[in-house]
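Single-structure report; data block below.
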Amino acid sequence: MTAVTACTVRGRPSGGLPAEVTSFVGRRHEVAEVKQLLSASRTVTLTGVGGVGKTRLALRVGQEVRRAFRDGVWLVELAELDCPAMLAQAVAEALEIRDQTGDSPMRVLTRYLRDKQALLILDNCEHMVGECAVLAETLLRAAPDLRVLATSRQPLGIASEQVVPVAPLPLPGWEVPRPPLETLVKQDAVRLFTERARAVLPAFAVDDDNRDVVTRIVRRLDGLPLGIELAAVRLRALSAQQLLDRLDDRFRLLTAGSRAVLPRHQTLRALIDWSYALCLEEERLLWQRASVFAGGLDLEAAETVCSGDGIAREDVIDLVIGLVDKSVLIREDHPGGVRYRMLETLRQYGRQQLAGSGREAELQARHRGYYRDLAAQARAELFGPEQIAWFARLQREHANLRAALDSWLSTPQGAPAGLSMAGDLLYHWITSYYLGEGRGWLARALAADTEPGTVRADALWAASWLAVIQADIPAATAMLEESRRIGEQLHDEPVLAYVALFSGMVAMCEGRTEAAIELYRDALARHRRHGDPVGIALSLIRLTLAHSFLGDSSRAIAAGEECLTVCDAYGEGWHKAYTMMALGVEVWRQGDLARAAELETQSLTFNRSLGDRLGAGLNIEVLAWIAASQGHHQRAARLLGILETMWSSVGAPLSGYGHLARYHEECQAAMRQALGEAAFEAAVRRGARIPLDEALAYALREDKPEQAAKGETPLTRRETEIADLVAQGLTNKEIAAALVIAQRTAEGHIEHILSKLGFSSRAQIAVWVGERARADGHDRR
């Protein structure tokens, strides 16, 4: 089990690379150099002072080389990770790996990456450079096709590392005679200043009147991109000359500073000091207080945590707007609403100011209290129409939830609240990327608070569910036994109901289906007496699967339909999706393949919208079995290939639903026999290569109805032309010659044709062309 220790990290998994929201200026030479080095070396580290643009350079390189990496380019943001013990976990989250196995994060990473061709961008390594070096070396040894691009203020110091110092942007000189204006405006530092200035003052331009002032500004800022961006926003209120005057005054105060500190560090610090001084007193207070948040905040959080003692709650929105205007807070639009974040440099500055005020402990207490209440509210409103919104919100707040949990569990007095909060987040741990981490938080909280009360009993059965999903049955059994003892001592009916439910899951995993059904029935009766719709739904889902497994169709259908009624009454979606999955299994067993496919498709559509890969994996399993039963052998095999990739990312196949493995094995064996070994393996490989979004669309048949209605082919015009030539019996070389293209290009087109049509041979392409010709009423030959 993954241990959890004190830290905070940005919670949103990066899912590859973020979109660039501002233009990328200059660095053509550096981009080319880094790309060349990555082609020859497995580790490249970009070094330089804070604010020099290492991250933007790394992201631009990642964007330009992403096609060279079959399995993607992935950004791991480490600026907010405060403890080295969570480094591997943070990388796993960035790669969107769900740890269902219970292995250590490093083992999960090495297993996942060993056959991947990917580029890993480790951003902001300087505060744990040694640990990043160990992680990089370990992963590179395990994965021969992996590359690492790091950003740090110092090299990692590993054997394969190539170091690229990132200098400030080139600055305009004072040549005599002066260079033409057209030359000056192409200088990278001037270009960056101009573009950022236009964001706040659209009419701004460098001309003969202000060219010397702009030159002095960017030179005073030493060409540091962060400094230039922070200064350019001031043109909303100041002229370029006023901006220069204030920069001169501020920097002059630092000339007697420590000679041990680099001038550029002094310059950046001076700029931030100056930005801080330009804020209103209330804006400075908000800057300080907002620095306690990890990974961003929304307006409600700012109003609750940051108001009071000098900031009226109703004034928070105006202060937030002021800090956004001053580029202290960055606005980010999300489906659930607007959020704000600080550059890490500015957040750390705010924390220093807050610590100096003597109120850091007070703000941390407000922060952890707010997120404890948020977790409790999410749990209370779990079963209802706001469910998806809550799941999404908790994922956006993951870094803050993590920081709050750590804060609660750092003192004996806070342990009970931390234990309650970890249990309230049960569905967050299950439906997102944090299963292993959630189990670790619960273990830490259970060790910190041993009081045998209801809170502990609830946390124990919650942790047992995570253990069942990770197939750690002994641990689940032990936790359920302790939870049962506490429930009996307290005569706590809800606790005993959940103990019975998860004990039934354990029995099912152990092959004791009859015993599992009795436990599920006991749980259902207790949940009904207590009026708990969540427990009722979970019990009915498991009864549906268990009765189906024994061949008791009538009871399986009855349980599933009752569960749908309960979910619909509350406007609930997640449990309903799993109910449709379970009903789909039984309807498939009965031979109603169309109805089974409809149930699984509806369930998969919901699970895709939520990002629940475990649920989606279960749906695709059943869709593969349905396709096999329909005689769609190529489709079934390709879905099995998709499952290989999907279960690899989840961490374990059929987690918590292991009794269904026999259907998977039967489907696999039948497809091998129907297609033959070579064709089966080829189809599986094609499925395994499909990117996740395309794989889900394929499973949902989203492109088929429209094409069928229009009589269209899934092939492009060029692919259709090549398919016709294949049908005429031409070889790849002859096709290439006929179309005046490279033979390798022709081969690539044919591979795409086979993949799109679900075929394994050129003969199948020829048959397909002939059928289309007959359907069109003419002979394509």
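Please note that chains go A, B, ... in the order of the structure tokens, that every chain numbers its residues from 1, and that ligands are numbered from 1 in the order shown.
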
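Within 6 Å of range 485-499 of chain A there are Leu480, Ser503, Ala523 and Arg526 of chain A, counting only C-alpha atoms and ignoring same-chain residues fewer than 4 positions away.
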
- Please provide the set of residues having any atom within 12 Å of range 197-214 of chain A, restricted to only C-alpha atoms, with same-chain residues fewer than 6 positions apart removed, written as a PyMOL selection string. chain A and resi 21-23+171-174+178-187+189-191+220-221+223+228-245+247-248+324-327

- If you run DSSP on this backbone, which residues of range 209-332 of chain A come out as alpha helix (DSSP H), and could you give them as an MDAnalysis selection string? chainID A and resid 211:220 225:232 240:252 263:278 281:290 299:306 316:325

- Task: Give the answer as one residue: which of A:Arg672, A:Lys576, A:Arg542, A:Arg686 has the shortest atom-to-atom distance to Gly656 in chain A, using only C-alpha atoms?
- Result: A:Arg542

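Running DSSP on the backbone and keeping only strand (DSSP E), the residues of range 39-94 of chain A that qualify are Thr43, Val44, Thr45, Leu46, Thr47, Val73, Trp74, Leu75, Val76 and Glu77 of chain A.
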
For the selection just defined, write its residues with C-alpha atoms to a file, as a PDB file, in the first residue's frame.
```pdb
ATOM      1  CA  THR A  43      17.949  13.129 -20.469  1.00  0.00           C
ATOM      2  CA  VAL A  44      18.077  16.867 -21.111  1.00  0.00           C
ATOM      3  CA  THR A  45      17.880  19.421 -18.300  1.00  0.00           C
ATOM      4  CA  LEU A  46      17.089  23.086 -18.835  1.00  0.00           C
ATOM      5  CA  THR A  47      18.743  25.195 -16.157  1.00  0.00           C
ATOM      6  CA  VAL A  73       4.526  13.826 -24.105  1.00  0.00           C
ATOM      7  CA  TRP A  74       3.575  14.284 -20.452  1.00  0.00           C
ATOM      8  CA  LEU A  75       4.076  17.272 -18.169  1.00  0.00           C
ATOM      9  CA  VAL A  76       4.695  16.662 -14.448  1.00  0.00           C
ATOM     10  CA  GLU A  77       4.405  19.915 -12.503  1.00  0.00           C
TER      11      GLU A  77
END
```

- With only C-alpha atoms as the atoms that count, which of A:Ile158, A:Ser152, A:Gly573, A:Arg762 lies nearest to Glu137 in chain A?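 Nearest to Glu137 in chain A: A:Ile158.
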
Please identify every residue of range 391-452 of chain A that has at least one atom no farther than 8 Å from an atom of range 368-386 of chain A, counting only C-alpha atoms, and for each give the shortest atom pair and the distance in Å to one decimal, arranged by chain then increasing number, as a tab-separated table.
```
residue	atom	partner	partner_atom	distance
A:Asn400	CA	A:Tyr371	CA	7.3
A:Leu401	CA	A:Tyr371	CA	6.1
A:Ala403	CA	A:Arg368	CA	7.6
A:Ala404	CA	A:Arg368	CA	4.3
A:Leu405	CA	A:Arg368	CA	7.3
A:Ser407	CA	A:Arg368	CA	6.7
A:Trp408	CA	A:Arg368	CA	7.0
A:Ala417	CA	A:Arg372	CA	7.4
A:Gly418	CA	A:Arg372	CA	7.8
A:Met421	CA	A:Arg372	CA	5.6
A:Asp424	CA	A:Arg379	CA	5.5
A:Leu425	CA	A:Ala375	CA	6.0
```

Can you write out the residues you just picked, keeping N, CA, C and O atoms, as a tab-separated table (two decimals), in the first residue's frame?
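Output file out-v1.tsv follows:
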```tsv
chain	number	residue	atom	x	y	z
A	400	ASN	N	-5.62	21.08	-2.93
A	400	ASN	CA	-6.06	21.69	-1.68
A	400	ASN	C	-6.57	20.65	-0.68
A	400	ASN	O	-6.34	20.76	0.53
A	401	LEU	N	-7.26	19.65	-1.18
A	401	LEU	CA	-7.73	18.56	-0.31
A	401	LEU	C	-6.54	17.85	0.32
A	401	LEU	O	-6.53	17.53	1.52
A	403	ALA	N	-3.51	19.12	0.83
A	403	ALA	CA	-2.89	20.01	1.80
A	403	ALA	C	-3.68	20.04	3.10
A	403	ALA	O	-3.11	20.06	4.20
A	404	ALA	N	-5.02	20.07	2.99
A	404	ALA	CA	-5.86	20.10	4.18
A	404	ALA	C	-5.74	18.80	4.99
A	404	ALA	O	-5.64	18.84	6.22
A	405	LEU	N	-5.75	17.68	4.30
A	405	LEU	CA	-5.58	16.40	5.01
A	405	LEU	C	-4.25	16.36	5.75
A	405	LEU	O	-4.19	15.93	6.92
A	407	SER	N	-2.53	18.83	6.84
A	407	SER	CA	-2.58	19.76	7.96
A	407	SER	C	-3.35	19.17	9.14
A	407	SER	O	-2.91	19.25	10.29
A	408	TRP	N	-4.49	18.54	8.86
A	408	TRP	CA	-5.26	17.92	9.94
A	408	TRP	C	-4.46	16.81	10.62
A	408	TRP	O	-4.48	16.68	11.85
A	417	ALA	N	-10.63	14.91	12.77
A	417	ALA	CA	-11.17	15.61	11.60
A	417	ALA	C	-10.54	15.08	10.32
A	417	ALA	O	-11.21	14.93	9.29
A	418	GLY	N	-9.23	14.78	10.35
A	418	GLY	CA	-8.56	14.22	9.18
A	418	GLY	C	-9.12	12.86	8.81
A	418	GLY	O	-9.29	12.55	7.62
A	421	MET	N	-12.53	13.38	7.21
A	421	MET	CA	-12.39	13.94	5.88
A	421	MET	C	-11.91	12.89	4.88
A	421	MET	O	-12.43	12.81	3.75
A	424	ASP	N	-14.86	10.82	4.00
A	424	ASP	CA	-15.84	11.54	3.20
A	424	ASP	C	-15.44	11.61	1.73
A	424	ASP	O	-16.29	11.78	0.86
A	425	LEU	N	-14.15	11.50	1.46
A	425	LEU	CA	-13.64	11.59	0.09
A	425	LEU	C	-13.60	10.23	-0.62
A	425	LEU	O	-12.97	10.08	-1.67
```

- Between A:Cys306, A:Leu113, A:Ile97, A:Val166, which is the closest to Ala143 in chain A once you count only C-alpha atoms?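 Using only C-alpha atoms, Ala143 in chain A sits closest to A:Leu113.
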
- Task: Could you jot down the CA of Leu593 in chain A to CA of Cys667 in chain A separation for me, Å, one decimal place?
- Result: 14.7 Å

- Task: Rounded to one decimal place, report the CA of Cys509 in chain A-CA of Ser655 in chain A distance in Å.
- Result: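 Interatomic distance here is 10.2 Å.
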
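Proximity to Tyr657 in chain A was assessed for A:Asp115, A:Glu303, A:Glu510, A:Glu561 counting only C-alpha atoms; the smallest distance is recorded for A:Glu510.
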
- Hey, which of A:Ile690, A:Leu139, A:Leu435, A:Val684 ends up closest to Gln470 in chain A? Count only C-alpha atoms.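 For Gln470 in chain A, the nearest of the candidates is A:Leu435.
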